[in-house]
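*Asks:* Got a file for you: entry.txt, compact mmCIF, N, CA and C atoms.
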# COMPACT_ATOMS: atom_id res chain seq x y z
N MET A 1 7.81 -24.77 0.72
CA MET A 1 8.48 -23.66 0.07
C MET A 1 7.55 -22.46 0.08
N TYR A 2 8.09 -21.30 0.35
CA TYR A 2 7.31 -20.07 0.35
C TYR A 2 7.05 -19.61 -1.07
N GLN A 3 5.87 -19.03 -1.29
CA GLN A 3 5.52 -18.52 -2.61
C GLN A 3 5.44 -16.99 -2.64
N GLY A 4 5.37 -16.38 -1.48
CA GLY A 4 5.24 -14.94 -1.46
C GLY A 4 5.52 -14.35 -0.08
N ILE A 5 5.57 -13.04 -0.04
CA ILE A 5 5.81 -12.31 1.21
C ILE A 5 4.85 -11.12 1.26
N PHE A 6 4.24 -10.94 2.41
CA PHE A 6 3.48 -9.73 2.70
C PHE A 6 4.37 -8.82 3.54
N PHE A 7 4.51 -7.58 3.12
CA PHE A 7 5.25 -6.60 3.89
C PHE A 7 4.28 -5.54 4.39
N ASP A 8 4.18 -5.37 5.70
CA ASP A 8 3.48 -4.20 6.23
C ASP A 8 4.45 -3.05 6.00
N ILE A 9 3.95 -1.89 5.64
CA ILE A 9 4.91 -0.84 5.31
C ILE A 9 5.22 0.10 6.47
N SER A 10 4.21 0.58 7.16
CA SER A 10 4.42 1.53 8.24
C SER A 10 4.96 0.82 9.47
N GLY A 11 6.14 1.23 9.90
CA GLY A 11 6.78 0.60 11.05
C GLY A 11 7.65 -0.59 10.68
N VAL A 12 7.57 -1.02 9.43
CA VAL A 12 8.39 -2.14 8.95
C VAL A 12 9.39 -1.65 7.91
N LEU A 13 8.92 -0.87 6.94
CA LEU A 13 9.82 -0.29 5.94
C LEU A 13 10.29 1.10 6.37
N TYR A 14 9.41 1.82 7.07
CA TYR A 14 9.76 3.16 7.52
C TYR A 14 9.03 3.47 8.82
N SER A 15 9.53 4.45 9.51
CA SER A 15 8.88 4.96 10.71
C SER A 15 8.93 6.48 10.61
N GLY A 16 7.76 7.11 10.54
CA GLY A 16 7.73 8.55 10.31
C GLY A 16 8.29 8.85 8.94
N ARG A 17 9.35 9.62 8.89
CA ARG A 17 10.01 9.96 7.61
C ARG A 17 11.37 9.28 7.48
N GLU A 18 11.60 8.27 8.31
CA GLU A 18 12.90 7.57 8.31
C GLU A 18 12.74 6.12 7.86
N THR A 19 13.64 5.68 6.99
CA THR A 19 13.65 4.29 6.55
C THR A 19 14.19 3.42 7.68
N ILE A 20 13.57 2.28 7.89
CA ILE A 20 14.07 1.31 8.87
C ILE A 20 15.38 0.72 8.32
N PRO A 21 16.45 0.68 9.12
CA PRO A 21 17.72 0.14 8.63
C PRO A 21 17.56 -1.28 8.07
N GLY A 22 18.09 -1.47 6.87
CA GLY A 22 18.05 -2.78 6.21
C GLY A 22 16.80 -3.02 5.37
N ALA A 23 15.81 -2.15 5.48
CA ALA A 23 14.55 -2.36 4.76
C ALA A 23 14.73 -2.28 3.24
N GLN A 24 15.46 -1.29 2.77
CA GLN A 24 15.66 -1.16 1.32
C GLN A 24 16.36 -2.38 0.75
N ALA A 25 17.40 -2.85 1.42
CA ALA A 25 18.13 -4.03 0.95
C ALA A 25 17.23 -5.27 0.96
N ALA A 26 16.40 -5.40 1.99
CA ALA A 26 15.50 -6.55 2.08
C ALA A 26 14.49 -6.54 0.94
N ILE A 27 13.95 -5.37 0.62
CA ILE A 27 12.97 -5.27 -0.46
C ILE A 27 13.63 -5.57 -1.80
N LYS A 28 14.81 -5.01 -2.03
CA LYS A 28 15.52 -5.28 -3.29
C LYS A 28 15.81 -6.77 -3.45
N ARG A 29 16.21 -7.40 -2.37
CA ARG A 29 16.50 -8.85 -2.42
C ARG A 29 15.22 -9.63 -2.71
N ALA A 30 14.13 -9.26 -2.06
CA ALA A 30 12.85 -9.95 -2.29
C ALA A 30 12.38 -9.71 -3.73
N GLN A 31 12.56 -8.49 -4.24
CA GLN A 31 12.14 -8.19 -5.62
C GLN A 31 12.97 -8.96 -6.64
N ALA A 32 14.19 -9.30 -6.31
CA ALA A 32 15.06 -10.06 -7.22
C ALA A 32 14.75 -11.55 -7.19
N SER A 33 13.92 -11.97 -6.25
CA SER A 33 13.58 -13.39 -6.13
C SER A 33 12.36 -13.73 -6.99
N ASP A 34 11.96 -14.98 -6.95
CA ASP A 34 10.77 -15.44 -7.67
C ASP A 34 9.50 -15.34 -6.83
N LEU A 35 9.62 -14.75 -5.64
CA LEU A 35 8.47 -14.66 -4.74
C LEU A 35 7.49 -13.58 -5.18
N GLU A 36 6.21 -13.83 -4.93
CA GLU A 36 5.18 -12.81 -5.12
C GLU A 36 5.25 -11.86 -3.92
N LEU A 37 5.26 -10.58 -4.17
CA LEU A 37 5.35 -9.60 -3.09
C LEU A 37 4.08 -8.77 -3.04
N ARG A 38 3.62 -8.51 -1.83
CA ARG A 38 2.49 -7.61 -1.60
C ARG A 38 2.87 -6.70 -0.44
N PHE A 39 2.48 -5.45 -0.56
CA PHE A 39 2.76 -4.45 0.45
C PHE A 39 1.41 -4.00 1.00
N ILE A 40 1.27 -4.06 2.31
CA ILE A 40 -0.03 -3.79 2.92
C ILE A 40 0.10 -2.74 4.02
N THR A 41 -0.99 -2.03 4.25
CA THR A 41 -1.02 -1.04 5.33
C THR A 41 -2.46 -0.77 5.71
N ASN A 42 -2.66 -0.41 6.96
CA ASN A 42 -3.99 0.01 7.38
C ASN A 42 -4.09 1.53 7.45
N THR A 43 -3.12 2.21 6.87
CA THR A 43 -3.14 3.67 6.81
C THR A 43 -4.43 4.10 6.10
N SER A 44 -5.17 5.00 6.73
CA SER A 44 -6.47 5.36 6.18
C SER A 44 -6.60 6.83 5.80
N ARG A 45 -5.52 7.58 5.84
CA ARG A 45 -5.59 9.00 5.49
C ARG A 45 -4.71 9.37 4.31
N ARG A 46 -4.10 8.39 3.68
CA ARG A 46 -3.25 8.66 2.52
C ARG A 46 -3.70 7.75 1.38
N SER A 47 -3.76 8.31 0.19
CA SER A 47 -4.15 7.53 -0.97
C SER A 47 -3.00 6.59 -1.36
N ARG A 48 -3.34 5.63 -2.19
CA ARG A 48 -2.28 4.73 -2.68
C ARG A 48 -1.19 5.53 -3.38
N GLN A 49 -1.59 6.50 -4.20
CA GLN A 49 -0.59 7.29 -4.92
C GLN A 49 0.29 8.08 -3.96
N GLN A 50 -0.30 8.63 -2.91
CA GLN A 50 0.51 9.35 -1.91
C GLN A 50 1.48 8.40 -1.24
N LEU A 51 1.04 7.20 -0.92
CA LEU A 51 1.93 6.22 -0.28
C LEU A 51 3.05 5.79 -1.22
N ILE A 52 2.72 5.58 -2.49
CA ILE A 52 3.75 5.21 -3.47
C ILE A 52 4.79 6.34 -3.57
N THR A 53 4.32 7.58 -3.60
CA THR A 53 5.23 8.73 -3.65
C THR A 53 6.09 8.78 -2.40
N ASP A 54 5.47 8.59 -1.23
CA ASP A 54 6.23 8.57 0.02
C ASP A 54 7.32 7.49 -0.01
N LEU A 55 6.94 6.30 -0.45
CA LEU A 55 7.90 5.19 -0.51
C LEU A 55 9.03 5.49 -1.49
N LYS A 56 8.69 6.08 -2.63
CA LYS A 56 9.71 6.43 -3.61
C LYS A 56 10.69 7.45 -3.03
N THR A 57 10.16 8.43 -2.29
CA THR A 57 11.00 9.44 -1.64
C THR A 57 11.96 8.80 -0.66
N LEU A 58 11.51 7.71 -0.02
CA LEU A 58 12.35 7.01 0.95
C LEU A 58 13.29 6.00 0.29
N GLY A 59 13.22 5.88 -1.04
CA GLY A 59 14.14 5.00 -1.76
C GLY A 59 13.58 3.64 -2.12
N PHE A 60 12.27 3.46 -1.98
CA PHE A 60 11.64 2.18 -2.34
C PHE A 60 10.97 2.31 -3.69
N ASN A 61 11.14 1.30 -4.54
CA ASN A 61 10.48 1.27 -5.84
C ASN A 61 9.43 0.17 -5.79
N ILE A 62 8.19 0.55 -5.47
CA ILE A 62 7.11 -0.41 -5.27
C ILE A 62 6.11 -0.28 -6.41
N ASP A 63 5.75 -1.40 -7.02
CA ASP A 63 4.71 -1.43 -8.04
C ASP A 63 3.38 -1.07 -7.39
N PRO A 64 2.69 -0.03 -7.85
CA PRO A 64 1.42 0.37 -7.23
C PRO A 64 0.38 -0.75 -7.18
N HIS A 65 0.43 -1.68 -8.12
CA HIS A 65 -0.52 -2.79 -8.14
C HIS A 65 -0.24 -3.82 -7.05
N ARG A 66 0.88 -3.68 -6.38
CA ARG A 66 1.24 -4.60 -5.30
C ARG A 66 0.98 -4.00 -3.92
N LEU A 67 0.46 -2.78 -3.90
CA LEU A 67 0.17 -2.10 -2.64
C LEU A 67 -1.32 -2.20 -2.33
N PHE A 68 -1.64 -2.71 -1.16
CA PHE A 68 -3.03 -2.86 -0.73
C PHE A 68 -3.23 -2.08 0.57
N THR A 69 -4.26 -1.22 0.57
CA THR A 69 -4.53 -0.36 1.71
C THR A 69 -5.93 -0.66 2.25
N ALA A 70 -6.22 -0.17 3.43
CA ALA A 70 -7.55 -0.33 4.00
C ALA A 70 -8.61 0.32 3.10
N PRO A 71 -8.40 1.54 2.61
CA PRO A 71 -9.39 2.11 1.69
C PRO A 71 -9.55 1.29 0.40
N THR A 72 -8.46 0.73 -0.11
CA THR A 72 -8.54 -0.11 -1.30
C THR A 72 -9.41 -1.33 -1.03
N ALA A 73 -9.22 -1.94 0.13
CA ALA A 73 -10.02 -3.11 0.51
C ALA A 73 -11.48 -2.74 0.68
N ALA A 74 -11.74 -1.59 1.31
CA ALA A 74 -13.12 -1.14 1.49
C ALA A 74 -13.78 -0.89 0.14
N HIS A 75 -13.07 -0.25 -0.77
CA HIS A 75 -13.62 0.03 -2.10
C HIS A 75 -13.90 -1.27 -2.85
N ALA A 76 -13.00 -2.22 -2.78
CA ALA A 76 -13.21 -3.51 -3.45
C ALA A 76 -14.43 -4.23 -2.89
N TRP A 77 -14.60 -4.19 -1.57
CA TRP A 77 -15.75 -4.84 -0.93
C TRP A 77 -17.05 -4.18 -1.36
N ILE A 78 -17.06 -2.85 -1.39
CA ILE A 78 -18.25 -2.11 -1.83
C ILE A 78 -18.62 -2.50 -3.25
N GLU A 79 -17.63 -2.52 -4.14
CA GLU A 79 -17.90 -2.88 -5.54
C GLU A 79 -18.36 -4.31 -5.69
N SER A 80 -17.69 -5.24 -4.98
CA SER A 80 -18.05 -6.66 -5.13
C SER A 80 -19.44 -6.97 -4.60
N ASN A 81 -19.95 -6.12 -3.73
CA ASN A 81 -21.30 -6.31 -3.18
C ASN A 81 -22.33 -5.41 -3.85
N GLY A 82 -21.93 -4.72 -4.91
CA GLY A 82 -22.85 -3.90 -5.67
C GLY A 82 -23.45 -2.75 -4.89
N LEU A 83 -22.72 -2.24 -3.93
CA LEU A 83 -23.24 -1.16 -3.08
C LEU A 83 -22.87 0.20 -3.66
N ARG A 84 -23.67 1.19 -3.33
CA ARG A 84 -23.39 2.57 -3.75
C ARG A 84 -23.60 3.48 -2.55
N PRO A 85 -22.72 3.41 -1.57
CA PRO A 85 -22.90 4.21 -0.35
C PRO A 85 -22.51 5.67 -0.55
N PHE A 86 -23.00 6.49 0.33
CA PHE A 86 -22.54 7.87 0.42
C PHE A 86 -21.31 7.81 1.32
N CYS A 87 -20.15 8.07 0.77
CA CYS A 87 -18.90 7.90 1.51
C CYS A 87 -18.46 9.21 2.17
N LEU A 88 -18.20 9.13 3.44
CA LEU A 88 -17.59 10.23 4.17
C LEU A 88 -16.16 9.80 4.47
N VAL A 89 -15.24 10.28 3.67
CA VAL A 89 -13.84 9.86 3.78
C VAL A 89 -12.94 11.09 3.88
N HIS A 90 -11.73 10.84 4.33
CA HIS A 90 -10.71 11.90 4.38
C HIS A 90 -10.56 12.50 2.98
N ARG A 91 -10.33 13.80 2.92
CA ARG A 91 -10.25 14.49 1.63
C ARG A 91 -9.17 13.89 0.70
N ASP A 92 -8.13 13.32 1.26
CA ASP A 92 -7.08 12.71 0.44
C ASP A 92 -7.53 11.40 -0.20
N LEU A 93 -8.67 10.86 0.23
CA LEU A 93 -9.14 9.58 -0.29
C LEU A 93 -10.34 9.69 -1.22
N VAL A 94 -10.81 10.89 -1.46
CA VAL A 94 -11.99 11.09 -2.30
C VAL A 94 -11.83 10.40 -3.66
N ASN A 95 -10.67 10.56 -4.32
CA ASN A 95 -10.45 9.95 -5.62
C ASN A 95 -10.44 8.43 -5.57
N GLU A 96 -10.11 7.87 -4.43
CA GLU A 96 -10.09 6.40 -4.30
C GLU A 96 -11.51 5.82 -4.35
N PHE A 97 -12.50 6.66 -4.04
CA PHE A 97 -13.88 6.18 -3.98
C PHE A 97 -14.76 6.77 -5.07
N SER A 98 -14.20 7.56 -5.98
CA SER A 98 -15.04 8.17 -7.03
C SER A 98 -15.36 7.17 -8.12
Can you dump the structure from the file as structure tokens?

*Replies:*
Amino acid sequence: MYQGIFFDISGVLYSGRETIPGAQAAIKRAQASDLELRFITNTSRRSRQQLITDLKTLGFNIDPHRLFTAPTAAHAWIESNGLRPFCLVHRDLVNEFS
């Protein structure tokens, strides 16, 4: 039995500024189930908040705590290893690393 679903967002839920047909219905159905949902992306130039706003504009209601991005993973790895690097990141990601 499945316990959860990982959804890649770019190219799966939307492409550019267009929702992929059937994506909203699929997400609503998954959210109504008992499955754990996680939304993932390797997008590296948009903050989590920007992505949540983009998704909301496209008609998706995603819990921000269920969205995992490449910058989020990098930040978690830096923290878990006790590192304090000088980060050169896209200006939209500065707050993700402060």

*Asks:* Chain A: which residues are helix (DSSP H, G or I) by DSSP, as an NGL selection string?

*Replies:* :A and (23-31 or 48-57 or 64-66 or 70-80 or 91-96)

*Asks:* Hey, what's within 8 Å of Ser44 in chain A if we count only N, CA and C atoms and toss same-chain stuff fewer than 3 positions away? As an MDAnalysis selection string, please?

*Replies:* chainID A and resid 41 47 69:71 89:90 92:93

*Asks:* Kindly give the distance, in Å, that separates CA of Cys87 in chain A and CA of Ser15 in chain A, rounded to a single decimal.

*Replies:*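 CA of Ser15 in chain A lies at a distance of 29.4 Å from CA of Cys87 in chain A.
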
*Asks:* List the spatial neighbours of range 6-8 of chain A as number ranges by chain - criterion: any atom at most 8 Å away, all atoms listed in the file, same-chain residues fewer than 6 positions off excluded.

*Replies:* A: 14, 36-42

*Asks:* Figure out the distance between CA of Leu35 in chain A and CA of Tyr2 in chain A, please, to one decimal in Å.

*Replies:*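 If I compute the distance from CA of Tyr2 in chain A to CA of Leu35 in chain A, I get 7.5 Å.
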
*Asks:* So how far away is CA of Arg46 in chain A from CA of Arg91 in chain A, in Å?

*Replies:* 9.2 Å

*Asks:* Using only N, CA and C atoms, which of the listed residues (A:Ser10, A:Gln3, A:Asn81, A:Ser98) sits closest to Thr43 in chain A?

*Replies:*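 Closest to Thr43 in chain A of all the choices is A:Ser10.
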
*Asks:* Can you build me a table of range 39-93 of chain A residues sitting at most 8 Å from range 19-24 of chain A, with the closest atom pair per residue and its distance in Å to one decimal, using only N, CA and C atoms, sorted by chain and residue number, as a Markdown table?

*Replies:*
| residue | atom | partner | partner_atom | distance |
| --- | --- | --- | --- | --- |
| A:Leu58 | CA | A:Thr19 | N | 6.3 |
| A:Gly59 | C | A:Gln24 | CA | 6.3 |
| A:Phe60 | CA | A:Gln24 | CA | 6.4 |
| A:Asn61 | N | A:Gln24 | CA | 7.8 |

*Asks:* Any chance you could export the current selection's N, CA and C atoms as a short mmCIF file (atom, residue, chain, number, x, y, z; two decimals), in the frame of the given file?

*Replies:*
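Printed below is selection_12.cif as written:
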data_model
loop_
_atom_site.label_atom_id
_atom_site.label_comp_id
_atom_site.auth_asym_id
_atom_site.auth_seq_id
_atom_site.Cartn_x
_atom_site.Cartn_y
_atom_site.Cartn_z
N LEU A 58 11.51 7.71 -0.02
CA LEU A 58 12.35 7.01 0.95
C LEU A 58 13.29 6.00 0.29
N GLY A 59 13.22 5.88 -1.04
CA GLY A 59 14.14 5.00 -1.76
C GLY A 59 13.58 3.64 -2.12
N PHE A 60 12.27 3.46 -1.98
CA PHE A 60 11.64 2.18 -2.34
C PHE A 60 10.97 2.31 -3.69
N ASN A 61 11.14 1.30 -4.54
CA ASN A 61 10.48 1.27 -5.84
C ASN A 61 9.43 0.17 -5.79
#

*Asks:* Model the absent atoms of range 16-38 of chain A so that N, CA, C and O atoms are present, and write the result as a PDB file, in the frame of the given file.

*Replies:*
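Okay, out.pdb is ready:
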ATOM      1  N   GLY A  16       7.760   7.110  10.540  1.00  0.00           N
ATOM      2  CA  GLY A  16       7.730   8.550  10.310  1.00  0.00           C
ATOM      3  C   GLY A  16       8.290   8.850   8.940  1.00  0.00           C
ATOM      4  O   GLY A  16       7.810   8.347   7.944  1.00  0.00           O
ATOM      5  N   ARG A  17       9.350   9.620   8.890  1.00  0.00           N
ATOM      6  CA  ARG A  17      10.010   9.960   7.610  1.00  0.00           C
ATOM      7  C   ARG A  17      11.370   9.280   7.480  1.00  0.00           C
ATOM      8  O   ARG A  17      12.188   9.663   6.644  1.00  0.00           O
ATOM      9  N   GLU A  18      11.600   8.270   8.310  1.00  0.00           N
ATOM     10  CA  GLU A  18      12.900   7.570   8.310  1.00  0.00           C
ATOM     11  C   GLU A  18      12.740   6.120   7.860  1.00  0.00           C
ATOM     12  O   GLU A  18      11.832   5.419   8.309  1.00  0.00           O
ATOM     13  N   THR A  19      13.640   5.680   6.990  1.00  0.00           N
ATOM     14  CA  THR A  19      13.650   4.290   6.550  1.00  0.00           C
ATOM     15  C   THR A  19      14.190   3.420   7.680  1.00  0.00           C
ATOM     16  O   THR A  19      15.162   3.784   8.344  1.00  0.00           O
ATOM     17  N   ILE A  20      13.570   2.280   7.890  1.00  0.00           N
ATOM     18  CA  ILE A  20      14.070   1.310   8.870  1.00  0.00           C
ATOM     19  C   ILE A  20      15.380   0.720   8.320  1.00  0.00           C
ATOM     20  O   ILE A  20      15.434   0.322   7.148  1.00  0.00           O
ATOM     21  N   PRO A  21      16.450   0.680   9.120  1.00  0.00           N
ATOM     22  CA  PRO A  21      17.720   0.140   8.630  1.00  0.00           C
ATOM     23  C   PRO A  21      17.560  -1.280   8.070  1.00  0.00           C
ATOM     24  O   PRO A  21      16.935  -2.135   8.680  1.00  0.00           O
ATOM     25  N   GLY A  22      18.090  -1.470   6.870  1.00  0.00           N
ATOM     26  CA  GLY A  22      18.050  -2.780   6.210  1.00  0.00           C
ATOM     27  C   GLY A  22      16.800  -3.020   5.370  1.00  0.00           C
ATOM     28  O   GLY A  22      16.747  -3.995   4.616  1.00  0.00           O
ATOM     29  N   ALA A  23      15.810  -2.150   5.480  1.00  0.00           N
ATOM     30  CA  ALA A  23      14.550  -2.360   4.760  1.00  0.00           C
ATOM     31  C   ALA A  23      14.730  -2.280   3.240  1.00  0.00           C
ATOM     32  O   ALA A  23      14.192  -3.119   2.509  1.00  0.00           O
ATOM     33  N   GLN A  24      15.460  -1.290   2.770  1.00  0.00           N
ATOM     34  CA  GLN A  24      15.660  -1.160   1.320  1.00  0.00           C
ATOM     35  C   GLN A  24      16.360  -2.380   0.750  1.00  0.00           C
ATOM     36  O   GLN A  24      15.958  -2.906  -0.286  1.00  0.00           O
ATOM     37  N   ALA A  25      17.400  -2.850   1.420  1.00  0.00           N
ATOM     38  CA  ALA A  25      18.130  -4.030   0.950  1.00  0.00           C
ATOM     39  C   ALA A  25      17.230  -5.270   0.960  1.00  0.00           C
ATOM     40  O   ALA A  25      17.281  -6.090   0.037  1.00  0.00           O
ATOM     41  N   ALA A  26      16.400  -5.400   1.990  1.00  0.00           N
ATOM     42  CA  ALA A  26      15.500  -6.550   2.080  1.00  0.00           C
ATOM     43  C   ALA A  26      14.490  -6.540   0.940  1.00  0.00           C
ATOM     44  O   ALA A  26      14.212  -7.583   0.339  1.00  0.00           O
ATOM     45  N   ILE A  27      13.950  -5.370   0.620  1.00  0.00           N
ATOM     46  CA  ILE A  27      12.970  -5.270  -0.460  1.00  0.00           C
ATOM     47  C   ILE A  27      13.630  -5.570  -1.800  1.00  0.00           C
ATOM     48  O   ILE A  27      13.098  -6.313  -2.627  1.00  0.00           O
ATOM     49  N   LYS A  28      14.810  -5.010  -2.030  1.00  0.00           N
ATOM     50  CA  LYS A  28      15.520  -5.280  -3.290  1.00  0.00           C
ATOM     51  C   LYS A  28      15.810  -6.770  -3.450  1.00  0.00           C
ATOM     52  O   LYS A  28      15.669  -7.335  -4.534  1.00  0.00           O
ATOM     53  N   ARG A  29      16.210  -7.400  -2.370  1.00  0.00           N
ATOM     54  CA  ARG A  29      16.500  -8.850  -2.420  1.00  0.00           C
ATOM     55  C   ARG A  29      15.220  -9.630  -2.710  1.00  0.00           C
ATOM     56  O   ARG A  29      15.226 -10.548  -3.532  1.00  0.00           O
ATOM     57  N   ALA A  30      14.130  -9.260  -2.060  1.00  0.00           N
ATOM     58  CA  ALA A  30      12.850  -9.950  -2.290  1.00  0.00           C
ATOM     59  C   ALA A  30      12.380  -9.710  -3.730  1.00  0.00           C
ATOM     60  O   ALA A  30      11.867 -10.642  -4.372  1.00  0.00           O
ATOM     61  N   GLN A  31      12.560  -8.490  -4.240  1.00  0.00           N
ATOM     62  CA  GLN A  31      12.140  -8.190  -5.620  1.00  0.00           C
ATOM     63  C   GLN A  31      12.970  -8.960  -6.640  1.00  0.00           C
ATOM     64  O   GLN A  31      12.476  -9.250  -7.736  1.00  0.00           O
ATOM     65  N   ALA A  32      14.190  -9.300  -6.310  1.00  0.00           N
ATOM     66  CA  ALA A  32      15.060 -10.060  -7.220  1.00  0.00           C
ATOM     67  C   ALA A  32      14.750 -11.550  -7.190  1.00  0.00           C
ATOM     68  O   ALA A  32      15.246 -12.297  -8.028  1.00  0.00           O
ATOM     69  N   SER A  33      13.920 -11.970  -6.250  1.00  0.00           N
ATOM     70  CA  SER A  33      13.580 -13.390  -6.130  1.00  0.00           C
ATOM     71  C   SER A  33      12.360 -13.730  -6.990  1.00  0.00           C
ATOM     72  O   SER A  33      11.788 -12.866  -7.647  1.00  0.00           O
ATOM     73  N   ASP A  34      11.960 -14.980  -6.950  1.00  0.00           N
ATOM     74  CA  ASP A  34      10.770 -15.440  -7.670  1.00  0.00           C
ATOM     75  C   ASP A  34       9.500 -15.340  -6.830  1.00  0.00           C
ATOM     76  O   ASP A  34       8.441 -15.782  -7.239  1.00  0.00           O
ATOM     77  N   LEU A  35       9.620 -14.750  -5.640  1.00  0.00           N
ATOM     78  CA  LEU A  35       8.470 -14.660  -4.740  1.00  0.00           C
ATOM     79  C   LEU A  35       7.490 -13.580  -5.180  1.00  0.00           C
ATOM     80  O   LEU A  35       7.890 -12.552  -5.726  1.00  0.00           O
ATOM     81  N   GLU A  36       6.210 -13.830  -4.930  1.00  0.00           N
ATOM     82  CA  GLU A  36       5.180 -12.810  -5.120  1.00  0.00           C
ATOM     83  C   GLU A  36       5.250 -11.860  -3.920  1.00  0.00           C
ATOM     84  O   GLU A  36       5.307 -12.325  -2.779  1.00  0.00           O
ATOM     85  N   LEU A  37       5.260 -10.580  -4.170  1.00  0.00           N
ATOM     86  CA  LEU A  37       5.350  -9.600  -3.090  1.00  0.00           C
ATOM     87  C   LEU A  37       4.080  -8.770  -3.040  1.00  0.00           C
ATOM     88  O   LEU A  37       3.540  -8.382  -4.077  1.00  0.00           O
ATOM     89  N   ARG A  38       3.620  -8.510  -1.830  1.00  0.00           N
ATOM     90  CA  ARG A  38       2.490  -7.610  -1.600  1.00  0.00           C
ATOM     91  C   ARG A  38       2.870  -6.700  -0.440  1.00  0.00           C
ATOM     92  O   ARG A  38       3.497  -7.131   0.528  1.00  0.00           O
TER      93      ARG A  38
END
